[in-house]
Every structure is written in structure tokens, then in C-alpha cells.
Amino acid sequence: MVDRYRYWTREAIVADLDLIRHPFHVAIENWQHDFNIGTVVRNANAFLASAVHIVGKRRWNRRGAMVTDRYQHVMHHPDVVSFAAYGEQMDLDIIGIDLLPGSVPLETARLPSNAMLVFGQEGPGLSDAMQSICSDVYSIAQYGSTRSINAGVASGIAMHTWIRQHKFDS
């Protein structure tokens with residue numbers, strides 16, 4: 001917790017953050033109980049995302065969030081269909097982040113200001129159903145011997161990319 005919020009109530013902190021949140025959202029699929037969700041929530045708080053969406057299982061390991069889930073809006077969607085309906089209702093552009101054939105390098109992308117950045121389950125990545133609702137899929141360049149970076153790290157890179165492109169515009 002930054003010193004500014006020391007001694008504030010949780011409700012007061014959330015209300016203050018709500019005044020300055022960025023318009024992007026993040027989402028992560030949770031079909032196999034992913035331990036990276038806490039890191040995604042913590043990153044979303046650090047970059048001040050509007051909300052985090054968990055698609056699939058409601059339960060997740062909150063330890064990685066380091067209590068930031070108290071100050072970050074976290075929403076649950078039981079399946080991709082309900083998640084897609086929410087995205088459409090809120091006029092969010094669903095953007096997949098995964099190392100898939102045909103994905104465009106994130107380093108060359110211009111993310112929409114109303115982006116919903118979606119990360120797949122650790123290991124299998126974005127489900128086929130989730131891929132089908134993404135308007136674009138971007139990958140993060142990698143050069144080593146590992147197949148992929150974990151979803152928590154990928155979320156931080158993608159959110160930072162959004163911040164670089166939109167926070168400092170004008």
C-alpha cells in the first residue's frame with residue numbers, strides 16, 4: 001500500500017482509485033485453477049485497470065494478489081459466452097495475448113483504448129472458444145528455450161504496453 005492511502009478505509013481507497021482508473025480491462029481463463037491469477041490481479045492494480053475478469057472457475061489462489069484484490073474490481077464469468085456478452089454490452093474490444101500461429105507481435109500493435117486484454121490458462125493458453133471471440137491476438141516476442149512466459153508476466157507486459165500507448169498520448 002502506498003503511503004498516500006495509509007489509514008484510509010478500503011471503501012475510500014477504492015472510491016479514490018475509481019476516479020482515475022484506466023479504461024482497459026484484463027481477463028484470464030481459469031479452467032484448471034491457475035496460480036497466476038493473483039499476479040494478474042496485482043498487475044491490474046499496479047497499472048490501474050478498470051477491472052479484472054475471471055472466466056471459468058470462480059475460485060482462485062488470492063495469495064499472489066498480495067491483498068490488491070481488495071482494491072481492484074474482480075468480476076467472474078462462468079463461461080466464454082457470458083464473458084463475450086459482457087464485453088459487447090460494455091463496448092470492449094476483446095484482445096487475446098497468446099503465442100499462437102498467426103498472432104501479431106505485441107511490439108508492433110496499437111492497442112485500442114477500450115481493450116479487454118485476455119490471457120489464457122497457464123499451459124494450454126487461450127481456449128478455442130476464447131480465441132473465437134477475440135478481435136485480434138497478439139504475441140510477446142521471446143528468444144530463449146522456453147515455450148512461453150507465464151500469464152502473470154505476460155499480463156504485466158501487455159498492460160505496460162497499453163499504458164505506454166495511451167497514458168502518455170498527447
# chains A, B, ... in the order shown; residues from 1 in each chain; ligands from 1
$ closest_atom_pairs --of "segment 19-71 of chain A" --to "segment 140-164 of chain A" --cutoff "8 Å" --atoms "only C-alpha atoms" --output "CSV"
residue,atom,partner,partner_atom,distance
A:Asn36,CA,A:Gly152,CA,5.2
A:Ile37,CA,A:Gly152,CA,7.0
A:Gly38,CA,A:Gly152,CA,8.0
A:Thr39,CA,A:Gly152,CA,5.1
A:Val40,CA,A:Gly152,CA,5.1
A:Asn43,CA,A:Gly156,CA,5.7
A:Ala44,CA,A:Met159,CA,7.5
A:Phe47,CA,A:Met159,CA,6.7
$ residues_around --residues "Tyr5 of chain A" --least-positions-apart "2" --cutoff "12 Å" --atoms "only C-alpha atoms" --output "MDAnalysis selection string"
chainID A and resid 1:3 7:17 71
$ select_by_dssp --residues "segment 45-127 of chain A" --states "helix (DSSP H, G or I)" --output "ChimeraX atom specification"
/A:45-46,62-65,68-70,80-89,106-108
$ write_last_selection --atoms "C-alpha atoms" --output "tab-separated table (two decimals), in the first residue's frame"
chain	number	residue	atom	x	y	z
A	45	ASN	CA	-3.93	-2.88	-9.62
A	46	ALA	CA	-0.43	-1.58	-10.37
A	62	ARG	CA	-5.51	-15.00	-3.83
A	63	ARG	CA	-2.05	-15.15	-2.25
A	64	GLY	CA	-0.33	-13.86	-5.38
A	65	ALA	CA	-2.56	-10.78	-5.40
A	68	THR	CA	-4.62	-5.93	-4.05
A	69	ASP	CA	-7.87	-7.77	-4.84
A	70	ARG	CA	-9.41	-5.65	-2.08
A	80	VAL	CA	-16.85	-17.54	-22.57
A	81	VAL	CA	-20.41	-16.85	-23.76
A	82	SER	CA	-21.29	-14.74	-20.70
A	83	PHE	CA	-17.89	-13.05	-20.86
A	84	ALA	CA	-18.41	-12.16	-24.53
A	85	ALA	CA	-21.86	-10.76	-23.73
A	86	TYR	CA	-20.35	-8.54	-21.03
A	87	GLY	CA	-17.66	-7.32	-23.43
A	88	GLU	CA	-20.26	-6.48	-26.05
A	89	GLN	CA	-22.51	-4.72	-23.54
A	106	LEU	CA	2.59	-7.02	-29.49
A	107	GLU	CA	5.63	-4.83	-30.11
A	108	THR	CA	4.08	-3.71	-33.43
$ select_by_dssp --residues "chain A" --states "strand (DSSP E)" --output "count of residues only"
31
$ closest_residue --among "A:Asp128, A:Glu29, A:Asp18, A:Asp136" --to "His76 of chain A" --atoms "only C-alpha atoms"
A:Glu29
$ atom_distance --atom1 "atom CA of Asp91 of chain A" --atom2 "atom CA of Phe168 of chain A"
22.8 Å
$ closest_residue --among "A:Ile94, A:Met116, A:Val104, A:Val137" --to "His22 of chain A" --atoms "only C-alpha atoms"
A:Met116
$ residues_around --residues "Gly102 of chain A" --least-positions-apart "3" --cutoff "12 Å" --atoms "only C-alpha atoms" --output "number ranges by chain"
A: 96-99, 105, 131, 136-139
$ closest_residue --among "A:Lys57, A:His77, A:Arg6, A:His25" --to "Ser113 of chain A" --atoms "only C-alpha atoms"
A:His25
$ atom_distance --atom1 "atom CA of Ala49 of chain A" --atom2 "atom CA of Phe24 of chain A"
5.6 Å
$ atom_distance --atom1 "atom CA of Gln121 of chain A" --atom2 "atom CA of Ser50 of chain A"
21.2 Å
$ decode --residues "segment 57-105 of chain A" --atoms "N, CA and C atoms" --output "CSV table (one decimal), in the first residue's frame"
chain,number,residue,atom,x,y,z
A,57,LYS,N,-13.7,-21.2,-13.6
A,57,LYS,CA,-13.9,-21.4,-12.2
A,57,LYS,C,-13.8,-20.1,-11.4
A,58,ARG,N,-14.7,-20.0,-10.4
A,58,ARG,CA,-14.8,-18.8,-9.5
A,58,ARG,C,-13.6,-18.8,-8.6
A,59,ARG,N,-13.2,-19.9,-8.1
A,59,ARG,CA,-12.1,-20.0,-7.0
A,59,ARG,C,-10.8,-19.8,-7.7
A,60,TRP,N,-9.9,-19.0,-7.0
A,60,TRP,CA,-8.5,-18.8,-7.4
A,60,TRP,C,-7.7,-18.5,-6.2
A,61,ASN,N,-6.4,-18.7,-6.3
A,61,ASN,CA,-5.5,-18.6,-5.2
A,61,ASN,C,-5.2,-17.1,-5.1
A,62,ARG,N,-5.7,-16.4,-4.0
A,62,ARG,CA,-5.5,-15.0,-3.8
A,62,ARG,C,-4.1,-14.6,-3.3
A,63,ARG,N,-3.3,-15.5,-2.9
A,63,ARG,CA,-2.0,-15.2,-2.2
A,63,ARG,C,-1.2,-14.3,-3.2
A,64,GLY,N,-1.2,-14.6,-4.4
A,64,GLY,CA,-0.3,-13.9,-5.4
A,64,GLY,C,-0.8,-12.4,-5.6
A,65,ALA,N,-2.0,-12.1,-5.2
A,65,ALA,CA,-2.6,-10.8,-5.4
A,65,ALA,C,-2.0,-9.8,-4.3
A,66,MET,N,-1.4,-10.4,-3.3
A,66,MET,CA,-0.9,-9.6,-2.2
A,66,MET,C,-1.8,-8.5,-1.7
A,67,VAL,N,-3.1,-8.9,-1.5
A,67,VAL,CA,-4.2,-8.1,-0.9
A,67,VAL,C,-4.7,-7.1,-1.9
A,68,THR,N,-4.1,-7.0,-3.1
A,68,THR,CA,-4.6,-5.9,-4.1
A,68,THR,C,-6.0,-6.2,-4.6
A,69,ASP,N,-6.5,-7.5,-4.4
A,69,ASP,CA,-7.9,-7.8,-4.8
A,69,ASP,C,-8.9,-7.0,-4.0
A,70,ARG,N,-8.5,-6.5,-2.9
A,70,ARG,CA,-9.4,-5.6,-2.1
A,70,ARG,C,-9.7,-4.3,-2.7
A,71,TYR,N,-8.8,-3.9,-3.6
A,71,TYR,CA,-8.8,-2.5,-4.2
A,71,TYR,C,-9.1,-2.6,-5.7
A,72,GLN,N,-9.2,-3.8,-6.2
A,72,GLN,CA,-9.3,-3.9,-7.7
A,72,GLN,C,-10.7,-4.6,-7.9
A,73,HIS,N,-11.4,-4.1,-8.9
A,73,HIS,CA,-12.7,-4.8,-9.2
A,73,HIS,C,-12.4,-6.1,-9.9
A,74,VAL,N,-12.9,-7.2,-9.3
A,74,VAL,CA,-12.7,-8.5,-9.9
A,74,VAL,C,-14.1,-9.1,-10.1
A,75,MET,N,-14.3,-9.5,-11.4
A,75,MET,CA,-15.6,-10.0,-11.8
A,75,MET,C,-15.4,-11.4,-12.3
A,76,HIS,N,-16.5,-12.2,-12.2
A,76,HIS,CA,-16.5,-13.6,-12.6
A,76,HIS,C,-17.5,-13.8,-13.7
A,77,HIS,N,-17.1,-14.6,-14.7
A,77,HIS,CA,-18.0,-15.0,-15.7
A,77,HIS,C,-17.8,-16.6,-15.8
A,78,PRO,N,-18.9,-17.3,-15.7
A,78,PRO,CA,-18.8,-18.8,-15.7
A,78,PRO,C,-18.3,-19.4,-17.0
A,79,ASP,N,-18.5,-18.7,-18.1
A,79,ASP,CA,-18.1,-19.2,-19.4
A,79,ASP,C,-17.8,-18.1,-20.4
A,80,VAL,N,-17.2,-18.5,-21.5
A,80,VAL,CA,-16.9,-17.5,-22.6
A,80,VAL,C,-18.1,-16.8,-23.1
A,81,VAL,N,-19.2,-17.5,-23.2
A,81,VAL,CA,-20.4,-16.8,-23.8
A,81,VAL,C,-20.8,-15.7,-22.9
A,82,SER,N,-20.9,-15.8,-21.6
A,82,SER,CA,-21.3,-14.7,-20.7
A,82,SER,C,-20.2,-13.6,-20.7
A,83,PHE,N,-19.0,-14.0,-20.8
A,83,PHE,CA,-17.9,-13.1,-20.9
A,83,PHE,C,-18.0,-12.2,-22.1
A,84,ALA,N,-18.3,-12.9,-23.3
A,84,ALA,CA,-18.4,-12.2,-24.5
A,84,ALA,C,-19.6,-11.2,-24.5
A,85,ALA,N,-20.7,-11.6,-23.9
A,85,ALA,CA,-21.9,-10.8,-23.7
A,85,ALA,C,-21.5,-9.5,-22.9
A,86,TYR,N,-20.8,-9.7,-21.8
A,86,TYR,CA,-20.3,-8.5,-21.0
A,86,TYR,C,-19.5,-7.6,-21.9
A,87,GLY,N,-18.5,-8.1,-22.6
A,87,GLY,CA,-17.7,-7.3,-23.4
A,87,GLY,C,-18.4,-6.5,-24.5
A,88,GLU,N,-19.4,-7.2,-25.1
A,88,GLU,CA,-20.3,-6.5,-26.1
A,88,GLU,C,-21.1,-5.4,-25.4
A,89,GLN,N,-21.7,-5.7,-24.3
A,89,GLN,CA,-22.5,-4.7,-23.5
A,89,GLN,C,-21.7,-3.5,-23.1
A,90,MET,N,-20.4,-3.7,-22.8
A,90,MET,CA,-19.6,-2.6,-22.3
A,90,MET,C,-18.8,-2.0,-23.4
A,91,ASP,N,-19.0,-2.5,-24.7
A,91,ASP,CA,-18.3,-2.0,-25.9
A,91,ASP,C,-16.7,-2.1,-25.7
A,92,LEU,N,-16.3,-3.3,-25.2
A,92,LEU,CA,-14.9,-3.6,-25.1
A,92,LEU,C,-14.4,-4.4,-26.3
A,93,ASP,N,-13.2,-4.1,-26.7
A,93,ASP,CA,-12.6,-4.8,-27.8
A,93,ASP,C,-11.7,-5.9,-27.2
A,94,ILE,N,-12.2,-7.1,-27.4
A,94,ILE,CA,-11.5,-8.3,-26.7
A,94,ILE,C,-10.3,-8.7,-27.5
A,95,ILE,N,-9.1,-8.5,-26.9
A,95,ILE,CA,-7.8,-8.7,-27.5
A,95,ILE,C,-7.1,-9.9,-26.8
A,96,GLY,N,-6.8,-11.0,-27.5
A,96,GLY,CA,-6.1,-12.1,-26.9
A,96,GLY,C,-4.6,-11.8,-26.9
A,97,ILE,N,-4.0,-12.3,-25.8
A,97,ILE,CA,-2.5,-12.3,-25.7
A,97,ILE,C,-2.0,-13.7,-25.6
A,98,ASP,N,-1.4,-14.2,-26.6
A,98,ASP,CA,-1.0,-15.6,-26.6
A,98,ASP,C,-0.1,-15.9,-27.8
A,99,LEU,N,0.8,-16.8,-27.6
A,99,LEU,CA,1.8,-17.2,-28.6
A,99,LEU,C,1.1,-18.2,-29.5
A,100,LEU,N,0.3,-17.8,-30.5
A,100,LEU,CA,-0.4,-18.7,-31.4
A,100,LEU,C,0.0,-18.4,-32.8
A,101,PRO,N,-0.1,-19.5,-33.6
A,101,PRO,CA,0.2,-19.3,-35.1
A,101,PRO,C,-0.7,-18.1,-35.6
A,102,GLY,N,-0.1,-17.2,-36.3
A,102,GLY,CA,-0.8,-16.1,-36.9
A,102,GLY,C,-1.0,-14.9,-36.0
A,103,SER,N,-0.5,-15.0,-34.7
A,103,SER,CA,-0.6,-13.9,-33.8
A,103,SER,C,0.3,-12.8,-34.3
A,104,VAL,N,0.0,-11.5,-34.0
A,104,VAL,CA,0.8,-10.4,-34.4
A,104,VAL,C,1.7,-10.0,-33.2
A,105,PRO,N,2.9,-9.6,-33.5
A,105,PRO,CA,3.8,-9.2,-32.4
A,105,PRO,C,3.2,-8.0,-31.6
